[in-house]
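**Q** This is the structure, below, for whatever I ask next.
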Amino acid sequence: MIQVRAVDKSYTLPGQKIPVLKKVSLDVAEGEFVAIMGPSGTGKSTLLNLLGCLDVADTGSLILDQNTISKMDDRALADIRNRKLGFVFQSTSFVDYLDLPDNVAMPGFYSGMSRAESRQRAIELLKQVGLGHRLSHLPGQLSGGESQRVAIARALFNRPRLLLADEPTGNLDSRNSGEIVKMLRDLNTEGLTIVLITHDETVAKAADKIFFMQDGKIEASCNASQ
Ligand SMILES: Nc1ncnc2c1ncn2[C@@H]1O[C@H](COP(=O)(O)OP(=O)(O)O)[C@@H](O)[C@H]1O
Ligand SMILES: [Mg+2]
């Protein structure tokens, strides 16, 4: 599903270039659930943004679902993003005055689906993440764990092939974190490939494999069950 080969990425600030990723290579197989761990500032989010076609590498090659994304322009990247990828971040972002189905249906509005059809799909997804009893609620009326479940429902709207999650349980207590992890595991069992960044070893252990990053490099990997 993902092949990263010798990818470098630096950020340019006025007067200086800050190297972040240094010859990063990694593979993620279709249907795999991998976690990425490592200290703050080590380049985990930078790597996830490259996988998510939100940014481009300086050098090296990146293949996503047989598409060479390291050679694509912005429009082609946006197309891959919309058709194949779902994103979940540590902080959720919703439109406060829209109810949960409209928030979850947001990707449908962008792709031109009718309001009725996109709301119907959103309601099914909200039921799937256990929020069928919260359909008329506004985002501000939810707990942290519920918000993250809504974010997952929205990420699933376009039936992504790959879910990218950047510390999705970072703001949650251990019980809510456990529920989100179980949900991700279930989605993975149904065939969704997942790349998850986390600080939390308990969360990482839900994955099939853990990559450890340090100073912009992948230092090690292990099977999570070991
Ligand atoms: N847009 C940016 N511009 C400049 N520097 C950045 C930018 N994004 C991240 N960085 C820097 O790149 C390094 C890696 O950041 P990041 O990938 O967010 O690390 P992590 O997710 O592992 O905490 C950090 O030193 C950070 O300050
Ligand atoms: Mg980060």
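Letters A, B, ... go to the chains of the structure tokens in the order shown; residues in each chain start at 1; ligands are counted from 1 in the same order.
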For Ser93 (chain A), find every residue with an atom within 12 Å (counting only C-alpha atoms), except residues of its own chain fewer than 2 positions away, and show them as a JSON list (two decimals) with C-alpha atoms, in the first residue's frame.

**A**
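Result saved to around-v8.json:
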[["chain", "number", "residue", "atom", "x", "y", "z"],
["A", 87, "PHE", "CA", -7.44, 11.71, 8.32],
["A", 88, "VAL", "CA", -7.87, 11.89, 12.09],
["A", 89, "PHE", "CA", -5.89, 14.35, 14.21],
["A", 90, "GLN", "CA", -5.37, 14.93, 17.93],
["A", 91, "SER", "CA", -7.71, 17.93, 17.94],
["A", 95, "VAL", "CA", -18.35, 23.45, 12.08],
["A", 96, "ASP", "CA", -19.93, 24.41, 15.38],
["A", 98, "LEU", "CA", -23.92, 22.25, 11.97],
["A", 100, "LEU", "CA", -23.26, 15.87, 13.55],
["A", 103, "ASN", "CA", -20.32, 17.68, 9.87],
["A", 104, "VAL", "CA", -19.67, 14.05, 8.97],
["A", 106, "MET", "CA", -18.70, 17.50, 4.76],
["A", 139, "PRO", "CA", -20.19, 19.32, 18.00],
["A", 140, "GLY", "CA", -19.90, 21.47, 21.15],
["A", 144, "GLY", "CA", -13.67, 14.22, 23.88],
["A", 147, "SER", "CA", -15.77, 14.03, 19.23],
["A", 148, "GLN", "CA", -13.02, 11.70, 18.13],
["A", 150, "VAL", "CA", -17.31, 11.77, 14.93],
["A", 151, "ALA", "CA", -13.92, 12.61, 13.41],
["A", 152, "ILE", "CA", -13.45, 8.94, 12.54],
["A", 154, "ARG", "CA", -16.07, 11.85, 8.84],
["A", 155, "ALA", "CA", -12.70, 10.32, 7.86]]

**Q** At a cut-off of 10 Å around ligand 2, and using only C-alpha atoms and all ligand atoms, what residues come up? Please write them as a ChimeraX atom specification.

**A** /A:37-49,89-90,166-167,197-199

**Q** List every residue of region 90-208 of chain A that DSSP, applied to the backbone, labels as helix (DSSP H, G or I), and write the result as a PyMOL selection string.

**A** chain A and resi 100-104+106-110+115-128+132-134+139-141+144-156+174-189+201-204

**Q** So that I have them on file, write out the residues from the current selection with C-alpha atoms, as a JSON list (two decimals), in the first residue's frame.

**A**
[["chain", "number", "residue", "atom", "x", "y", "z"],
["A", 100, "LEU", "CA", -23.26, 15.87, 13.55],
["A", 101, "PRO", "CA", -24.63, 14.40, 10.30],
["A", 102, "ASP", "CA", -23.81, 17.60, 8.38],
["A", 103, "ASN", "CA", -20.32, 17.68, 9.87],
["A", 104, "VAL", "CA", -19.67, 14.05, 8.97],
["A", 106, "MET", "CA", -18.70, 17.50, 4.76],
["A", 107, "PRO", "CA", -16.59, 15.43, 2.29],
["A", 108, "GLY", "CA", -19.83, 14.68, 0.40],
["A", 109, "PHE", "CA", -20.60, 18.37, -0.04],
["A", 110, "TYR", "CA", -17.16, 18.88, -1.56],
["A", 115, "ARG", "CA", -27.46, 16.76, 0.72],
["A", 116, "ALA", "CA", -30.03, 14.00, 1.30],
["A", 117, "GLU", "CA", -27.68, 11.27, 0.13],
["A", 118, "SER", "CA", -24.67, 12.58, 2.03],
["A", 119, "ARG", "CA", -26.69, 13.00, 5.24],
["A", 120, "GLN", "CA", -27.98, 9.46, 4.87],
["A", 121, "ARG", "CA", -24.44, 8.11, 4.58],
["A", 122, "ALA", "CA", -23.31, 10.28, 7.50],
["A", 123, "ILE", "CA", -26.11, 8.91, 9.69],
["A", 124, "GLU", "CA", -25.08, 5.34, 8.88],
["A", 125, "LEU", "CA", -21.48, 6.16, 9.80],
["A", 126, "LEU", "CA", -22.52, 7.84, 13.05],
["A", 127, "LYS", "CA", -24.47, 4.70, 13.95],
["A", 128, "GLN", "CA", -21.42, 2.61, 13.07],
["A", 132, "GLY", "CA", -26.80, 6.88, 16.61],
["A", 133, "HIS", "CA", -28.40, 8.44, 19.70],
["A", 134, "ARG", "CA", -26.61, 11.79, 19.15],
["A", 139, "PRO", "CA", -20.19, 19.32, 18.00],
["A", 140, "GLY", "CA", -19.90, 21.47, 21.15],
["A", 141, "GLN", "CA", -22.20, 19.10, 23.03],
["A", 144, "GLY", "CA", -13.67, 14.22, 23.88],
["A", 145, "GLY", "CA", -14.14, 10.56, 23.08],
["A", 146, "GLU", "CA", -17.40, 11.21, 21.24],
["A", 147, "SER", "CA", -15.77, 14.03, 19.23],
["A", 148, "GLN", "CA", -13.02, 11.70, 18.13],
["A", 149, "ARG", "CA", -15.60, 9.11, 17.06],
["A", 150, "VAL", "CA", -17.31, 11.77, 14.93],
["A", 151, "ALA", "CA", -13.92, 12.61, 13.41],
["A", 152, "ILE", "CA", -13.45, 8.94, 12.54],
["A", 153, "ALA", "CA", -16.92, 8.80, 10.97],
["A", 154, "ARG", "CA", -16.07, 11.85, 8.84],
["A", 155, "ALA", "CA", -12.70, 10.32, 7.86],
["A", 156, "LEU", "CA", -14.53, 7.20, 6.64],
["A", 174, "SER", "CA", -7.46, 5.74, 29.06],
["A", 175, "ARG", "CA", -11.04, 4.45, 28.83],
["A", 176, "ASN", "CA", -11.95, 6.65, 25.85],
["A", 177, "SER", "CA", -8.57, 5.99, 24.31],
["A", 178, "GLY", "CA", -9.26, 2.25, 24.60],
["A", 179, "GLU", "CA", -12.60, 2.66, 22.82],
["A", 180, "ILE", "CA", -11.03, 4.56, 19.93],
["A", 181, "VAL", "CA", -8.29, 1.94, 19.64],
["A", 182, "LYS", "CA", -10.88, -0.84, 19.55],
["A", 183, "MET", "CA", -12.74, 1.00, 16.81],
["A", 184, "LEU", "CA", -9.55, 1.34, 14.76],
["A", 185, "ARG", "CA", -8.81, -2.35, 15.28],
["A", 186, "ASP", "CA", -12.30, -3.29, 14.05],
["A", 187, "LEU", "CA", -11.93, -1.07, 10.97],
["A", 188, "ASN", "CA", -8.57, -2.70, 10.28],
["A", 189, "THR", "CA", -10.14, -6.15, 10.60],
["A", 201, "GLU", "CA", 2.55, 2.28, 24.23],
["A", 202, "THR", "CA", -0.82, 0.74, 25.08],
["A", 203, "VAL", "CA", -2.27, 2.32, 21.93],
["A", 204, "ALA", "CA", 0.71, 1.28, 19.79]]

**Q** Using DSSP assignments from the backbone, pull out every residue in region 44-128 of chain A that falls under strand (DSSP E or B) and give it to me as a list in words.

**A**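 Taking region 44-128 of chain A and keeping strand (DSSP E or B) gives Thr59, Gly60, Ser61, Leu62, Ile63, Leu64, Asn67, Thr68, Leu85, Gly86, Phe87, Val88 and Phe89 of chain A.
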
**Q** Save out the residues we just selected, C-alpha atoms, as a short mmCIF file (atom, residue, chain, number, x, y, z; two decimals), in the first residue's frame.

**A**
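New file again.cif:
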data_model
loop_
_atom_site.label_atom_id
_atom_site.label_comp_id
_atom_site.auth_asym_id
_atom_site.auth_seq_id
_atom_site.Cartn_x
_atom_site.Cartn_y
_atom_site.Cartn_z
CA THR A 59 13.97 13.93 -2.56
CA GLY A 60 13.24 10.23 -2.57
CA SER A 61 10.19 8.37 -3.78
CA LEU A 62 6.77 7.76 -2.31
CA ILE A 63 4.33 5.28 -3.75
CA LEU A 64 0.77 5.12 -2.42
CA ASN A 67 0.54 5.88 -7.50
CA THR A 68 3.93 7.63 -7.49
CA LEU A 85 -7.34 8.84 2.31
CA GLY A 86 -9.00 9.54 5.62
CA PHE A 87 -7.44 11.71 8.32
CA VAL A 88 -7.87 11.89 12.09
CA PHE A 89 -5.89 14.35 14.21
#

**Q** Which one is closest to ligand 1: A:Ala105, A:Leu131, A:Leu163, A:Met213? Count only C-alpha atoms and all ligand atoms.

**A**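 Using only C-alpha atoms and all ligand atoms, ligand 1 sits closest to A:Met213.
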
**Q** Quick one: residues within 6 Å of Lys209 (chain A), only C-alpha atoms counted, chain neighbours fewer than 6 positions away excluded, as a list in words?

**A**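 These residues fall inside the cut-off: Val34, Cys222, Asn223 and Ala224 of chain A.
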
**Q** Give me, as a PyMOL selection string, all polymer residues having an atom no more than 8 Å from Lys22 (chain A), counting only C-alpha atoms and skipping those fewer than 6 positions away in the same chain.

**A** chain A and resi 6-9+216-217

**Q** Quick one: distance from CA of Gln214 (chain A) to CA of Glu30 (chain A) in Å, one decimal?

**A**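 So the two atoms, CA of Gln214 (chain A) and CA of Glu30 (chain A), lie 25.2 Å apart.
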
**Q** Hey, which of A:Leu192, A:Leu162, A:Tyr97, A:Leu54 ends up closest to Arg75 (chain A)? Count only C-alpha atoms.

**A**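 Of all the options, A:Leu54 lies closest to Arg75 (chain A).
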
**Q** Which is closest to ligand 1 among A:Leu21, A:Met113, A:Ile69, A:Ile2, if we use only C-alpha atoms and all ligand atoms?

**A**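 The answer is A:Leu21, which sits nearest to ligand 1.
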
**Q** With distances taken over only C-alpha atoms and all ligand atoms, which residue among A:Thr92, A:Leu172, A:Ala165, A:Leu77 lies nearest ligand 1?

**A** A:Ala165

**Q** Using atom 26 (C, counted along the ligand's line) of ligand 1 and CA of Asp200 (chain A) as the two end points, give the distance in Å to one decimal.

**A**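 Taking atom 26 (C, counted along the ligand's line) of ligand 1 and CA of Asp200 (chain A), their separation equals 20.2 Å.
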
**Q** What is the distance, in Å and to one decimal place, between CA of Ala35 (chain A) and CA of Ala207 (chain A)?

**A**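 We find that CA of Ala35 (chain A) and CA of Ala207 (chain A) lie 5.8 Å from each other.
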
**Q** With distances taken over only C-alpha atoms and all ligand atoms, which residue among A:Val56, A:Leu142, A:Ile18, A:Met1 lies nearest ligand 1?

**A**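 Among A:Val56, A:Leu142, A:Ile18, A:Met1, it is A:Ile18 that comes nearest to ligand 1.
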
**Q** Which residue gives the smallest distance to Ala78 (chain A) among A:Asp65, A:Asp208, A:Glu32, A:Asp55, with only C-alpha atoms counted?

**A**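 Distance minimum relative to Ala78 (chain A) lands on A:Asp55.
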